[in-house]
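Data block below; observations after.
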Amino acid sequence: MSQLEFDRRLVERLETLYATRDVLRRRELVRAALGARPGDRILDVGCGPGFYVIELLEAVGREGSVVGLDISADMLDVAAKRAEGHSNVKFHEADATSLPVPDASFDRAVCVQVLEYVGDVPTALGEMHRALRPGGRVVVWDVDWATVSWHAIDRQLTRRVLAAWDKHLTHPSLPRTLAAQLRNGGFEDVQMDAHAFATTQLIPDAYGGSLVALVEQYVAEQGGMTRQEAKAWADEQRELGDRGEFFFAVTQFCFTATRRS
Ligand SMILES: C[S@@+](CC[C@H](N)C(=O)[O-])C[C@H]1O[C@@H](n2cnc3c(N)ncnc32)[C@H](O)[C@@H]1O
């Protein structure tokens, strides 16, 4: 069993997922928490396909700039295409634990659903702290996968699917320790908001609806379950959806903090 690979196939899937209603809502919440202003220099750690990069370029205007970095070259290809034509953006292929940027060179940093995949979270937080100027603001967003509430008829199979899905990342419940880790990393004014993403509809626009196919594929290919087991679970969810009995909820957490002035 292994962590999700952010390769070309997943990039294509995320391109679709990140244009859906719930992910748009998430980006609005992140942007509000970040509070980017014209002229800001912004760092996006784990920028993925670059949706935040392009939206933040608009917020900072020509006087500002955005740097996106990601460990996946496939993600960066897509992000760079998305930002084509902008001269105030740079991309780096890099690990969150070793940022190729100078000290104190950013006003704000954003890191959305990335640290849950990073082995050494304290080092990644330390790097964002180093990259921010004194008084600079960070927004870190992660999911506590233990908060998933998923209606099922075969509850035992669903428990096994969720246990297998937990292997797709390094820290399934990272938000539980993030406030303390941010404070230990030298940040102050650490705040947390919890946001429920819940739906009774199996539709792609709902976070839970879009997860069914992704989870089915992961648990069969990398999560240690058989294709038949994964399909049986997903078919049951699709049946519940057809009958109007689908239910999914998860809590996602938005942390904000500042580097001491
Ligand atoms: C779930 S995606 C989120 C993408 C983007 N932040 C967003 O919300 O639109 C996670 C991203 O983190 C990147 N990632 C995972 N581990 C990383 C690491 N150690 N350093 C940098 N990026 C990493 C992946 O390549 C992927 O693009």
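If you're wondering about the labels, chains in the structure tokens are A, B, ... by order shown, residues count from 1 in each chain, ligands from 1 in order shown.
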Counting only C-alpha atoms and all ligand atoms, what are the residues of chain A within 7 Å of ligand 1, and for each of them which pair of atoms is the nearest and at what distance in Å, to one decimal? Sort the table by chain and rising number, as CSV.
```
residue,atom,partner,partner_atom_place_in_ligand_line,distance
A:Phe6,CA,ligand 1,25 (O),5.0
A:Tyr18,CA,ligand 1,9 (O),6.7
A:Val45,CA,ligand 1,21 (C),6.3
A:Gly46,CA,ligand 1,22 (N),3.9
A:Cys47,CA,ligand 1,6 (N),4.4
A:Gly48,CA,ligand 1,27 (O),3.3
A:Pro49,CA,ligand 1,9 (O),6.3
A:Gly50,CA,ligand 1,9 (O),6.5
A:Phe51,CA,ligand 1,9 (O),5.8
A:Tyr52,CA,ligand 1,9 (O),6.3
A:Leu69,CA,ligand 1,21 (C),6.6
A:Asp70,CA,ligand 1,22 (N),4.0
A:Ile71,CA,ligand 1,21 (C),4.2
A:Ser72,CA,ligand 1,25 (O),4.4
A:Met75,CA,ligand 1,27 (O),5.7
A:Ala94,CA,ligand 1,21 (C),5.9
A:Asp95,CA,ligand 1,20 (N),3.6
A:Ala96,CA,ligand 1,20 (N),3.8
A:Thr97,CA,ligand 1,19 (N),6.6
A:Cys111,CA,ligand 1,6 (N),5.8
A:Val112,CA,ligand 1,6 (N),4.2
A:Gln113,CA,ligand 1,1 (C),5.0
A:Val114,CA,ligand 1,12 (O),4.2
A:Leu115,CA,ligand 1,16 (N),7.0
A:Tyr117,CA,ligand 1,16 (N),5.0
A:Val118,CA,ligand 1,19 (N),4.7
```
Please identify every residue of segment 199-223 of chain A that has at least one atom no farther than 10 Å from an atom of segment 167-183 of chain A, counting only C-alpha atoms, and for each give the shortest atom pair and the distance in Å to one decimal, arranged by chain then increasing number, as a Markdown table.
```
| residue | atom | partner | partner_atom | distance |
| --- | --- | --- | --- | --- |
| A:Val215 | CA | A:His168 | CA | 9.3 |
| A:Tyr218 | CA | A:His168 | CA | 7.6 |
| A:Val219 | CA | A:His168 | CA | 8.6 |
| A:Gln222 | CA | A:His168 | CA | 8.1 |
| A:Gly223 | CA | A:Lys167 | CA | 6.7 |
```
Generate a file of the selected residues that holds all heavy atoms, formatted as a PDB file, in the first residue's frame.
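Okay, this is what ended up in part_12.pdb:
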```pdb
ATOM      1  N   VAL A 215     -11.703   6.949  -4.774  1.00  0.00           N
ATOM      2  CA  VAL A 215     -11.455   5.976  -3.711  1.00  0.00           C
ATOM      3  C   VAL A 215     -11.507   4.558  -4.286  1.00  0.00           C
ATOM      4  O   VAL A 215     -10.642   3.719  -3.993  1.00  0.00           O
ATOM      5  CB  VAL A 215     -12.496   6.139  -2.570  1.00  0.00           C
ATOM      6  CG1 VAL A 215     -12.408   4.983  -1.577  1.00  0.00           C
ATOM      7  CG2 VAL A 215     -12.295   7.478  -1.851  1.00  0.00           C
ATOM      8  N   TYR A 218      -8.240   3.961  -6.107  1.00  0.00           N
ATOM      9  CA  TYR A 218      -7.063   3.861  -5.237  1.00  0.00           C
ATOM     10  C   TYR A 218      -7.063   2.547  -4.451  1.00  0.00           C
ATOM     11  O   TYR A 218      -6.040   1.844  -4.410  1.00  0.00           O
ATOM     12  CB  TYR A 218      -6.990   5.044  -4.258  1.00  0.00           C
ATOM     13  CG  TYR A 218      -5.894   4.816  -3.242  1.00  0.00           C
ATOM     14  CD1 TYR A 218      -4.562   5.078  -3.560  1.00  0.00           C
ATOM     15  CD2 TYR A 218      -6.172   4.239  -2.006  1.00  0.00           C
ATOM     16  CE1 TYR A 218      -3.549   4.794  -2.669  1.00  0.00           C
ATOM     17  CE2 TYR A 218      -5.157   3.951  -1.102  1.00  0.00           C
ATOM     18  CZ  TYR A 218      -3.850   4.228  -1.436  1.00  0.00           C
ATOM     19  OH  TYR A 218      -2.849   3.922  -0.564  1.00  0.00           O
ATOM     20  N   VAL A 219      -8.199   2.198  -3.811  1.00  0.00           N
ATOM     21  CA  VAL A 219      -8.168   1.018  -2.928  1.00  0.00           C
ATOM     22  C   VAL A 219      -7.938  -0.270  -3.725  1.00  0.00           C
ATOM     23  O   VAL A 219      -7.343  -1.220  -3.216  1.00  0.00           O
ATOM     24  CB  VAL A 219      -9.422   0.903  -2.019  1.00  0.00           C
ATOM     25  CG1 VAL A 219      -9.552   2.114  -1.120  1.00  0.00           C
ATOM     26  CG2 VAL A 219     -10.704   0.649  -2.805  1.00  0.00           C
ATOM     27  N   GLN A 222      -3.910   0.449  -5.288  1.00  0.00           N
ATOM     28  CA  GLN A 222      -2.788   0.670  -4.367  1.00  0.00           C
ATOM     29  C   GLN A 222      -3.136   0.385  -2.917  1.00  0.00           C
ATOM     30  O   GLN A 222      -2.262   0.384  -2.059  1.00  0.00           O
ATOM     31  CB  GLN A 222      -2.327   2.138  -4.457  1.00  0.00           C
ATOM     32  CG  GLN A 222      -1.580   2.486  -5.717  1.00  0.00           C
ATOM     33  CD  GLN A 222      -1.265   3.978  -5.747  1.00  0.00           C
ATOM     34  OE1 GLN A 222      -2.011   4.761  -6.323  1.00  0.00           O
ATOM     35  NE2 GLN A 222      -0.182   4.378  -5.106  1.00  0.00           N
ATOM     36  N   GLY A 223      -4.425   0.204  -2.610  1.00  0.00           N
ATOM     37  CA  GLY A 223      -4.851   0.118  -1.213  1.00  0.00           C
ATOM     38  C   GLY A 223      -4.972  -1.297  -0.672  1.00  0.00           C
ATOM     39  O   GLY A 223      -5.380  -1.492   0.471  1.00  0.00           O
TER      40      GLY A 223
END
```
Considering only C-alpha atoms, give me a table of residues in segment 100-191 of chain A that are at most 12 Å from segment 62-65 of chain A, with the closest atom pair and distance in Å for each, as a tab-separated table.
```
residue	atom	partner	partner_atom	distance
A:Ser105	CA	A:Ser65	CA	11.0
A:Phe106	CA	A:Ser65	CA	9.3
A:Asp107	CA	A:Gly64	CA	10.0
A:Arg108	CA	A:Ser65	CA	10.7
A:Ala109	CA	A:Ser65	CA	11.8
```
Write to file, as a CSV table (one decimal), in the first residue's frame, the residues of the selection just made, with all heavy atoms.
```
chain,number,residue,atom,x,y,z
A,105,SER,N,11.2,36.4,2.1
A,105,SER,CA,10.9,37.0,0.8
A,105,SER,C,9.4,37.0,0.4
A,105,SER,O,9.1,37.4,-0.7
A,105,SER,CB,11.8,36.3,-0.3
A,105,SER,OG,11.6,34.9,-0.2
A,106,PHE,N,8.5,36.6,1.3
A,106,PHE,CA,7.1,36.5,0.9
A,106,PHE,C,6.3,37.2,2.0
A,106,PHE,O,6.6,37.1,3.2
A,106,PHE,CB,6.7,35.1,0.8
A,106,PHE,CG,7.3,34.4,-0.4
A,106,PHE,CD1,8.5,33.7,-0.3
A,106,PHE,CD2,6.7,34.5,-1.7
A,106,PHE,CE1,9.1,33.1,-1.4
A,106,PHE,CE2,7.3,34.0,-2.8
A,106,PHE,CZ,8.5,33.2,-2.7
A,107,ASP,N,5.1,37.8,1.5
A,107,ASP,CA,4.2,38.4,2.5
A,107,ASP,C,3.2,37.4,3.0
A,107,ASP,O,2.7,37.5,4.1
A,107,ASP,CB,3.4,39.5,1.8
A,107,ASP,CG,4.4,40.6,1.2
A,107,ASP,OD1,5.0,41.2,2.1
A,107,ASP,OD2,4.5,40.7,0.0
A,108,ARG,N,2.9,36.4,2.1
A,108,ARG,CA,1.9,35.4,2.5
A,108,ARG,C,2.3,34.0,1.9
A,108,ARG,O,2.9,34.0,0.8
A,108,ARG,CB,0.5,35.8,2.0
A,108,ARG,CG,-0.1,37.0,2.7
A,108,ARG,CD,-1.3,37.6,2.0
A,108,ARG,NE,-1.3,39.0,2.3
A,108,ARG,CZ,-1.9,39.6,3.3
A,108,ARG,NH1,-2.5,38.8,4.2
A,108,ARG,NH2,-1.8,40.9,3.6
A,109,ALA,N,1.9,33.0,2.6
A,109,ALA,CA,2.1,31.6,2.1
A,109,ALA,C,0.9,30.8,2.2
A,109,ALA,O,0.1,31.0,3.2
A,109,ALA,CB,3.3,30.9,2.8
```
inquiry  = Among segment 16-128 of chain A, which ones does DSSP assign to helix (DSSP H, G or I) (computed from the backbone)? Answer as an NGL selection string.
reply    = :A and (16-17 or 21-34 or 51-60 or 73-82 or 115-117 or 121-128)
note = Of A:Asp189, A:Asp44, A:Asp7, A:Asp77, the one nearest to Arg31 of chain A when counting only C-alpha atoms is A:Asp44
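Residues in contact with segment 237-246 of chain A at up to 8 Å, not including ones fewer than 4 positions away on its chain and judged by only C-alpha atoms, are His151, Ala152, Thr199, Thr200, Gln201, Leu202, Val212 and Trp233 of chain A.
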task = Can you pull out every residue within 9 Å of Ala131 of chain A, counting only C-alpha atoms, but drop anything in the same chain fewer than 2 positions away, and send it as a VMD selection string?
result = chain A and resid 43 99 101 to 107 109 126 to 129 133
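We find atom CA of Ala257 of chain A and atom CA of Gly39 of chain A to be spaced 20.2 Å apart.
Coordinates place atom CA of Glu216 of chain A at a distance of 9.0 Å from atom CA of Glu229 of chain A.
For the atom pair formed by atom CA of Val138 of chain A and atom CA of Thr258 of chain A, the distance is 6.1 Å, given to one decimal.
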inquiry  = For the strand (DSSP E) assignment from backbone DSSP, which residues of segment 151-240 of chain A qualify? Please present them as a PyMOL selection string.
reply    = chain A and resi 187-199
